[in-house]
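**Student:** data-v4.cif is reproduced in full below (mmCIF, C-alpha atoms).
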data_start
loop_
_atom_site.label_atom_id
_atom_site.label_comp_id
_atom_site.auth_asym_id
_atom_site.auth_seq_id
_atom_site.Cartn_x
_atom_site.Cartn_y
_atom_site.Cartn_z
CA MET A 1 0.00 0.00 0.00
CA ALA A 2 1.45 3.33 -1.05
CA LYS A 3 1.77 6.09 1.46
CA ALA A 4 -0.49 9.00 0.63
CA SER A 5 1.90 11.77 1.54
CA SER A 6 5.26 12.02 3.14
CA LEU A 7 4.45 15.43 4.58
CA SER A 8 2.55 14.21 7.61
CA ASN A 9 5.22 11.66 8.44
CA SER A 10 8.29 13.78 7.92
CA THR A 11 7.03 16.63 10.03
CA ALA A 12 5.34 16.73 13.40
CA LEU A 13 2.33 18.72 12.25
CA ARG A 14 -0.89 18.33 14.13
CA ASP A 15 -4.05 16.93 12.57
CA GLU A 16 -5.77 20.30 12.64
CA THR A 17 -2.83 21.92 10.94
CA VAL A 18 -2.84 19.49 8.04
CA LEU A 19 -6.59 19.78 7.54
CA ARG A 20 -6.53 23.55 7.73
CA ARG A 21 -3.67 23.73 5.25
CA VAL A 22 -5.63 21.58 2.82
CA ARG A 23 -8.70 23.74 3.23
CA GLN A 24 -6.57 26.89 3.14
CA LEU A 25 -8.13 28.21 6.31
CA GLY A 26 -4.99 30.00 7.40
CA SER A 27 -3.15 29.39 10.60
CA ALA A 28 -4.16 26.27 12.47
CA ARG A 29 -2.27 27.25 15.57
CA ASP A 30 -4.06 27.54 18.86
CA GLY A 31 -1.00 28.93 20.57
CA LEU A 32 -2.70 31.99 22.02
CA GLY A 33 -5.26 29.94 23.93
CA GLU A 34 -2.53 27.68 25.25
CA TRP A 35 -0.31 30.65 26.11
CA ARG A 36 -3.19 32.23 28.02
CA LEU A 37 -4.05 29.00 29.84
CA GLN A 38 -0.43 28.60 30.92
CA ARG A 39 -0.27 32.16 32.30
CA LEU A 40 -3.73 32.00 33.88
CA THR A 41 -2.91 28.76 35.69
CA ALA A 42 0.54 30.13 36.59
CA VAL A 43 -1.02 33.12 38.34
CA ALA A 44 -3.60 30.91 40.08
CA LEU A 45 -0.87 28.49 41.18
CA ILE A 46 1.08 31.18 43.06
CA PRO A 47 -1.40 31.42 45.98
CA LEU A 48 -2.71 27.85 45.56
CA GLY A 49 0.81 26.37 45.51
CA LEU A 50 1.95 28.39 48.51
CA TYR A 51 -1.22 27.42 50.38
CA PHE A 52 -0.72 23.74 49.59
CA ALA A 53 3.01 23.77 50.41
CA ALA A 54 2.36 25.50 53.74
CA SER A 55 -0.42 23.02 54.56
CA ILE A 56 1.79 20.03 53.74
CA LEU A 57 4.46 21.44 56.05
CA TRP A 58 1.88 21.85 58.78
CA LEU A 59 0.62 18.30 58.17
CA ALA A 60 4.12 16.82 57.85
CA LYS A 61 4.06 14.87 61.09
CA SER A 62 0.32 14.33 61.38
CA ASP A 63 -1.59 11.07 61.22
CA GLN A 64 -4.29 10.00 58.77
CA THR A 65 -7.14 11.32 60.95
CA THR A 66 -5.70 14.84 60.97
CA ALA A 67 -5.02 14.79 57.24
CA ALA A 68 -8.51 13.44 56.50
CA ALA A 69 -10.11 16.07 58.73
CA TRP A 70 -8.09 18.80 57.01
CA LEU A 71 -9.04 17.59 53.51
CA SER A 72 -12.72 17.22 54.35
CA SER A 73 -13.28 20.84 55.35
CA PRO A 74 -15.05 22.73 52.54
CA VAL A 75 -12.45 25.47 51.96
CA THR A 76 -9.55 23.02 51.94
CA ALA A 77 -11.39 20.58 49.67
CA LEU A 78 -12.11 23.37 47.18
CA LEU A 79 -8.57 24.81 47.27
CA VAL A 80 -6.90 21.40 46.96
CA ILE A 81 -9.11 20.46 44.00
CA LEU A 82 -8.38 23.81 42.33
CA PHE A 83 -4.65 23.40 43.04
CA LEU A 84 -4.65 19.93 41.54
CA LEU A 85 -6.61 20.86 38.41
CA ALA A 86 -4.69 24.11 37.80
CA GLY A 87 -1.42 22.25 38.34
CA LEU A 88 -2.32 19.45 35.94
CA ALA A 89 -3.54 21.88 33.25
CA HIS A 90 -0.34 23.91 33.67
CA ALA A 91 1.77 20.74 33.51
CA LEU A 92 -0.05 19.55 30.41
CA VAL A 93 0.68 22.76 28.49
CA GLY A 94 4.29 22.73 29.68
CA LEU A 95 4.95 19.06 28.94
CA ARG A 96 3.34 19.44 25.53
CA SER A 97 5.65 22.31 24.64
CA VAL A 98 8.61 20.14 25.65
CA LEU A 99 7.30 17.30 23.46
CA LEU A 100 6.82 19.67 20.51
CA ASP A 101 10.47 20.72 20.85
CA TYR A 102 12.03 17.28 21.20
CA VAL A 103 9.76 14.75 19.49
CA HIS A 104 10.10 15.15 15.74
CA THR A 105 8.19 12.12 14.56
CA ARG A 106 4.45 12.49 14.09
CA ALA A 107 3.45 9.07 15.40
CA ARG A 108 5.60 9.41 18.50
CA LEU A 109 4.38 12.94 19.12
CA ILE A 110 0.73 11.87 18.99
CA ALA A 111 1.41 8.85 21.20
CA ALA A 112 3.26 10.96 23.76
CA GLN A 113 0.53 13.59 23.80
CA LEU A 114 -2.15 10.93 24.29
CA LEU A 115 -0.11 9.48 27.13
CA ILE A 116 0.34 12.74 29.05
CA ARG A 117 -3.31 13.70 28.50
CA ALA A 118 -4.50 10.32 29.73
CA ALA A 119 -2.17 10.55 32.74
CA ALA A 120 -3.44 14.04 33.58
CA ILE A 121 -7.10 12.97 33.28
CA ILE A 122 -6.55 9.88 35.43
CA LEU A 123 -4.60 11.81 38.07
CA GLY A 124 -7.13 14.64 38.10
CA GLY A 125 -10.06 12.24 38.33
CA ALA A 126 -8.49 10.17 41.10
CA GLY A 127 -7.44 13.21 43.11
CA VAL A 128 -10.83 14.90 42.84
CA LEU A 129 -12.62 11.66 43.78
CA ALA A 130 -10.37 11.22 46.81
CA VAL A 131 -11.04 14.75 48.08
CA LEU A 132 -14.77 14.47 47.32
CA LYS A 133 -14.97 11.20 49.23
CA LEU A 134 -13.54 12.87 52.31
CA PHE A 135 -15.60 16.04 51.86
CA LEU A 136 -18.92 14.24 51.25
CA GLY A 137 -18.25 11.70 53.99
CA ARG A 138 -17.61 14.19 56.75
CA MET B 1 27.78 20.73 8.47
CA GLU B 2 24.49 19.79 10.07
CA ARG B 3 21.99 22.56 10.44
CA PRO B 4 21.66 23.34 14.18
CA LEU B 5 18.26 22.46 15.67
CA SER B 6 16.82 24.37 18.61
CA PRO B 7 17.56 21.95 21.46
CA PHE B 8 21.07 20.92 22.43
CA MET B 9 22.61 24.20 21.28
CA ILE B 10 24.49 25.03 24.43
CA PRO B 11 27.70 23.02 24.55
CA VAL B 12 28.35 23.17 20.81
CA TRP B 13 26.97 26.40 19.42
CA TYR B 14 26.72 28.74 22.37
CA ARG B 15 28.94 29.32 25.37
CA PHE B 16 27.38 28.84 28.82
CA GLN B 17 25.07 31.63 29.95
CA ILE B 18 23.16 31.82 33.21
CA THR B 19 20.04 32.94 31.35
CA SER B 20 19.79 29.88 29.10
CA ALA B 21 20.85 27.58 31.94
CA LEU B 22 18.02 28.93 34.12
CA SER B 23 15.61 28.53 31.21
CA ILE B 24 16.47 24.83 30.85
CA LEU B 25 16.32 24.43 34.61
CA HIS B 26 12.80 25.90 34.54
CA ARG B 27 11.72 23.16 32.17
CA LEU B 28 13.47 20.43 34.13
CA ALA B 29 11.86 21.67 37.36
CA GLY B 30 8.48 21.73 35.60
CA ILE B 31 8.91 18.14 34.42
CA ALA B 32 9.95 17.10 37.93
CA LEU B 33 6.88 18.79 39.41
CA ALA B 34 4.62 17.13 36.82
CA LEU B 35 6.03 13.77 37.95
CA GLY B 36 5.47 14.87 41.55
CA SER B 37 1.75 15.18 40.83
CA ILE B 38 1.69 11.36 40.80
CA LEU B 39 2.81 11.23 44.45
CA LEU B 40 0.47 14.10 45.31
CA VAL B 41 -2.56 12.23 43.95
CA TRP B 42 -1.31 8.98 45.47
CA TRP B 43 -1.15 10.71 48.86
CA LEU B 44 -4.68 12.17 48.46
CA VAL B 45 -6.02 8.72 47.55
CA SER B 46 -4.20 7.15 50.52
CA VAL B 47 -5.73 9.69 52.92
CA ALA B 48 -9.18 8.97 51.46
CA ALA B 49 -8.64 5.22 51.63
CA GLY B 50 -6.99 5.25 55.07
CA GLY B 51 -5.79 2.08 56.78
CA GLU B 52 -2.90 0.09 55.39
CA LEU B 53 -2.56 2.17 52.21
CA PHE B 54 -2.04 5.36 54.20
CA ARG B 55 0.47 3.70 56.54
CA ALA B 56 2.47 2.35 53.59
CA THR B 57 2.38 5.71 51.80
CA HIS B 58 3.38 7.57 54.94
CA ALA B 59 6.21 5.10 55.58
CA PHE B 60 7.48 5.58 52.02
CA ILE B 61 7.38 9.38 52.29
CA ALA B 62 9.16 9.29 55.65
CA SER B 63 11.85 6.88 54.35
CA PRO B 64 15.25 8.25 53.22
CA VAL B 65 14.26 7.84 49.56
CA GLY B 66 10.97 9.62 50.18
CA MET B 67 12.67 12.48 52.03
CA LEU B 68 15.24 12.84 49.26
CA LEU B 69 12.43 13.01 46.69
CA LEU B 70 10.61 15.61 48.78
CA PHE B 71 13.82 17.60 49.11
CA GLY B 72 14.28 17.55 45.33
CA TRP B 73 10.65 18.52 44.77
CA SER B 74 10.91 21.37 47.26
CA ILE B 75 13.85 22.82 45.29
CA ALA B 76 11.96 22.30 42.02
CA PHE B 77 8.82 23.89 43.48
CA PHE B 78 10.52 27.01 44.84
CA TYR B 79 12.69 27.40 41.76
CA HIS B 80 9.78 27.01 39.32
CA LEU B 81 7.69 29.40 41.46
CA CYS B 82 10.36 32.13 41.64
CA ASN B 83 11.47 31.77 38.03
CA GLY B 84 7.79 31.63 37.01
CA LEU B 85 7.34 35.06 38.59
CA ARG B 86 10.33 36.20 36.51
CA HIS B 87 8.63 34.85 33.39
CA LEU B 88 5.36 36.58 34.28
CA ALA B 89 7.27 39.86 34.68
CA TRP B 90 8.77 39.35 31.21
CA ASP B 91 5.29 38.61 29.83
CA ALA B 92 4.19 41.95 31.26
CA GLY B 93 7.13 43.61 29.52
CA TYR B 94 9.47 44.17 32.46
CA GLY B 95 13.11 43.22 32.97
CA PHE B 96 14.22 42.51 29.41
CA GLU B 97 17.50 44.47 29.63
CA ILE B 98 20.43 42.07 29.73
CA HIS B 99 21.75 43.24 33.08
CA ASN B 100 18.26 42.99 34.57
CA ALA B 101 17.78 39.48 33.18
CA TYR B 102 21.06 38.46 34.83
CA ARG B 103 20.21 40.20 38.07
CA SER B 104 16.74 38.63 38.32
CA GLY B 105 18.31 35.26 37.50
CA TYR B 106 20.67 35.47 40.44
CA ALA B 107 17.81 36.75 42.63
CA VAL B 108 15.76 33.67 41.67
CA LEU B 109 18.64 31.36 42.62
CA ALA B 110 19.10 33.15 45.95
CA ALA B 111 15.36 33.08 46.72
CA THR B 112 15.17 29.37 45.85
CA ALA B 113 18.06 28.55 48.17
CA LEU B 114 16.62 30.68 50.97
CA LEU B 115 13.08 29.25 50.73
CA THR B 116 14.37 25.67 50.51
CA VAL B 117 16.66 26.10 53.52
CA LEU B 118 13.93 27.78 55.59
CA THR B 119 11.45 25.04 54.69
CA TRP B 120 13.78 22.22 55.72
CA LEU B 121 14.92 24.02 58.84
CA TYR B 122 11.25 24.14 59.80
CA VAL B 123 10.78 20.45 59.01
CA LEU B 124 13.86 19.36 60.93
CA LEU B 125 13.55 21.68 63.93
CA ALA B 126 9.79 22.05 64.45
#
Can you present the structure in this file as structure tokens?

**Tutor:**
Amino acid sequence: MAKASSLSNSTALRDETVLRRVRQLGSARDGLGEWRLQRLTAVALIPLGLYFAASILWLAKSDQTTAAAWLSSPVTALLVILFLLAGLAHALVGLRSVLLDYVHTRARLIAAQLLIRAAAIILGGAGVLAVLKLFLGR
Amino acid sequence: MERPLSPFMIPVWYRFQITSALSILHRLAGIALALGSILLVWWLVSVAAGGELFRATHAFIASPVGMLLLFGWSIAFFYHLCNGLRHLAWDAGYGFEIHNAYRSGYAVLAATALLTVLTWLYVLLA
């Protein structure tokens, strides 16, 4: 079976880019949205990260009961969920930009992106469920 | 001669500069923190589950390997936080002059060291 085009294999273009080039729709980049998301989450992560780091220090020598009680209070539950989701979104944009710089093969790039997205979704889901369990079970 | 590609420029094409070194360090710290999110979620799940899972997780974190990982993540966290503020200032248009970029770079390193030391002094003494 002949390969349709070498373009998509020799470069690491995204699906949307190829389609938009074919349709001549202009730039297929969504860099601005990503750029904004990275900065927005960065700003949010300053207070959230400091709050979480300080809390972890405070909890450092505590037992499970104390940690569970801390996580089940409404303000903590909300802030920890926000910290986790902002952190994962921020990490996803950052890791993706690293992949785009270093992975030059289309198949590998797509596989790596699927992997980090799946990891972020699983981690986010598990973390939110864990906090919700403690919050709803209080 | 091979055309130079963007990564891996430093030892061959450019001499060492603190600015580019800090830039790479920012990425490395970000990757480390992304990996740290696995332990973070693991810890949240262990608190929610309680019992044996929490004890095992707590024992791992309190072990020498766990403490070493936490120490590394604390450096990565404070560095990425401080250097992230530097990046946000650049995004807002401040600090682009070369001498300011160098100065803020050294300030970030100093702040990272200070925050890390203070944090671990608190952990070890409190």

**Student:** Counting all atoms listed in the file, figure out which residue out of B:Ala101, B:Tyr94, B:Tyr122, B:Tyr106 gets nearest to chain A.

**Tutor:**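 When distances to chain A are compared using all atoms listed in the file, the smallest one comes from B:Tyr122.
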
**Student:** Tell me which residues come within 10 Å of (-12.9, 13.3, 48.4), as a list in words, counting all atoms listed in the file in the file's coordinates.

**Tutor:**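 Answer for this query, in the requested form: Ala68, Leu71, Ser72, Ala77, Ile81, Ala126, Gly127, Val128, Leu129, Ala130, Val131, Leu132, Lys133, Leu134, Phe135, Leu136, Gly137 and Arg138 of chain A; Leu44, Val45, Val47, Ala48 and Ala49 of chain B.
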
**Student:** Could you please tell me, as an mmCIF file with C-alpha atoms, keeping the file's coordinate frame, which residues of chain B have an atom within 8 Å of chain A when using all atoms listed in the file?

**Tutor:**
data_model
loop_
_atom_site.group_PDB
_atom_site.id
_atom_site.type_symbol
_atom_site.label_atom_id
_atom_site.label_comp_id
_atom_site.auth_asym_id
_atom_site.auth_seq_id
_atom_site.Cartn_x
_atom_site.Cartn_y
_atom_site.Cartn_z
ATOM 1 C CA SER B 6 16.820 24.370 18.610
ATOM 2 C CA PRO B 7 17.560 21.950 21.460
ATOM 3 C CA ARG B 27 11.720 23.160 32.170
ATOM 4 C CA GLY B 30 8.480 21.730 35.600
ATOM 5 C CA ILE B 31 8.910 18.140 34.420
ATOM 6 C CA ALA B 34 4.620 17.130 36.820
ATOM 7 C CA SER B 37 1.750 15.180 40.830
ATOM 8 C CA ILE B 38 1.690 11.360 40.800
ATOM 9 C CA VAL B 41 -2.560 12.230 43.950
ATOM 10 C CA TRP B 42 -1.310 8.980 45.470
ATOM 11 C CA LEU B 44 -4.680 12.170 48.460
ATOM 12 C CA VAL B 45 -6.020 8.720 47.550
ATOM 13 C CA VAL B 47 -5.730 9.690 52.920
ATOM 14 C CA ALA B 48 -9.180 8.970 51.460
ATOM 15 C CA ALA B 49 -8.640 5.220 51.630
ATOM 16 C CA GLY B 50 -6.990 5.250 55.070
ATOM 17 C CA PHE B 54 -2.040 5.360 54.200
ATOM 18 C CA LEU B 81 7.690 29.400 41.460
ATOM 19 C CA GLY B 84 7.790 31.630 37.010
ATOM 20 C CA LEU B 88 5.360 36.580 34.280
ATOM 21 C CA THR B 119 11.450 25.040 54.690
ATOM 22 C CA VAL B 123 10.780 20.450 59.010
#

**Student:** Hey, what's within 9 Å of stretch 58-73 of chain B if we count all atoms listed in the file and toss same-chain stuff fewer than 6 positions away? As a PyMOL selection string, please?

**Tutor:** (chain A and resi 63-64) or (chain B and resi 29+32-33+36+43+46+116+120)

**Student:** I need the residue nearest B:Leu40 from this list: B:Thr57, B:Gly105, B:Leu118, B:His87. Use only C-alpha atoms for the distance.

**Tutor:**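 Selected residue with least distance to B:Leu40: B:Thr57.
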
**Student:** List the residues matched by the PyMOL selection byres ((chain B and resi 21) around 12) in the displayed structure as a ChimeraX atom specification, ordered by chain and then by residue number.

**Tutor:** /B:8-11,14-20,22-28,83,102,105-106,109

**Student:** Please compute the atom CA of B:Phe78-atom CA of B:Thr112 distance, one decimal, in Å.

**Tutor:** 5.3 Å
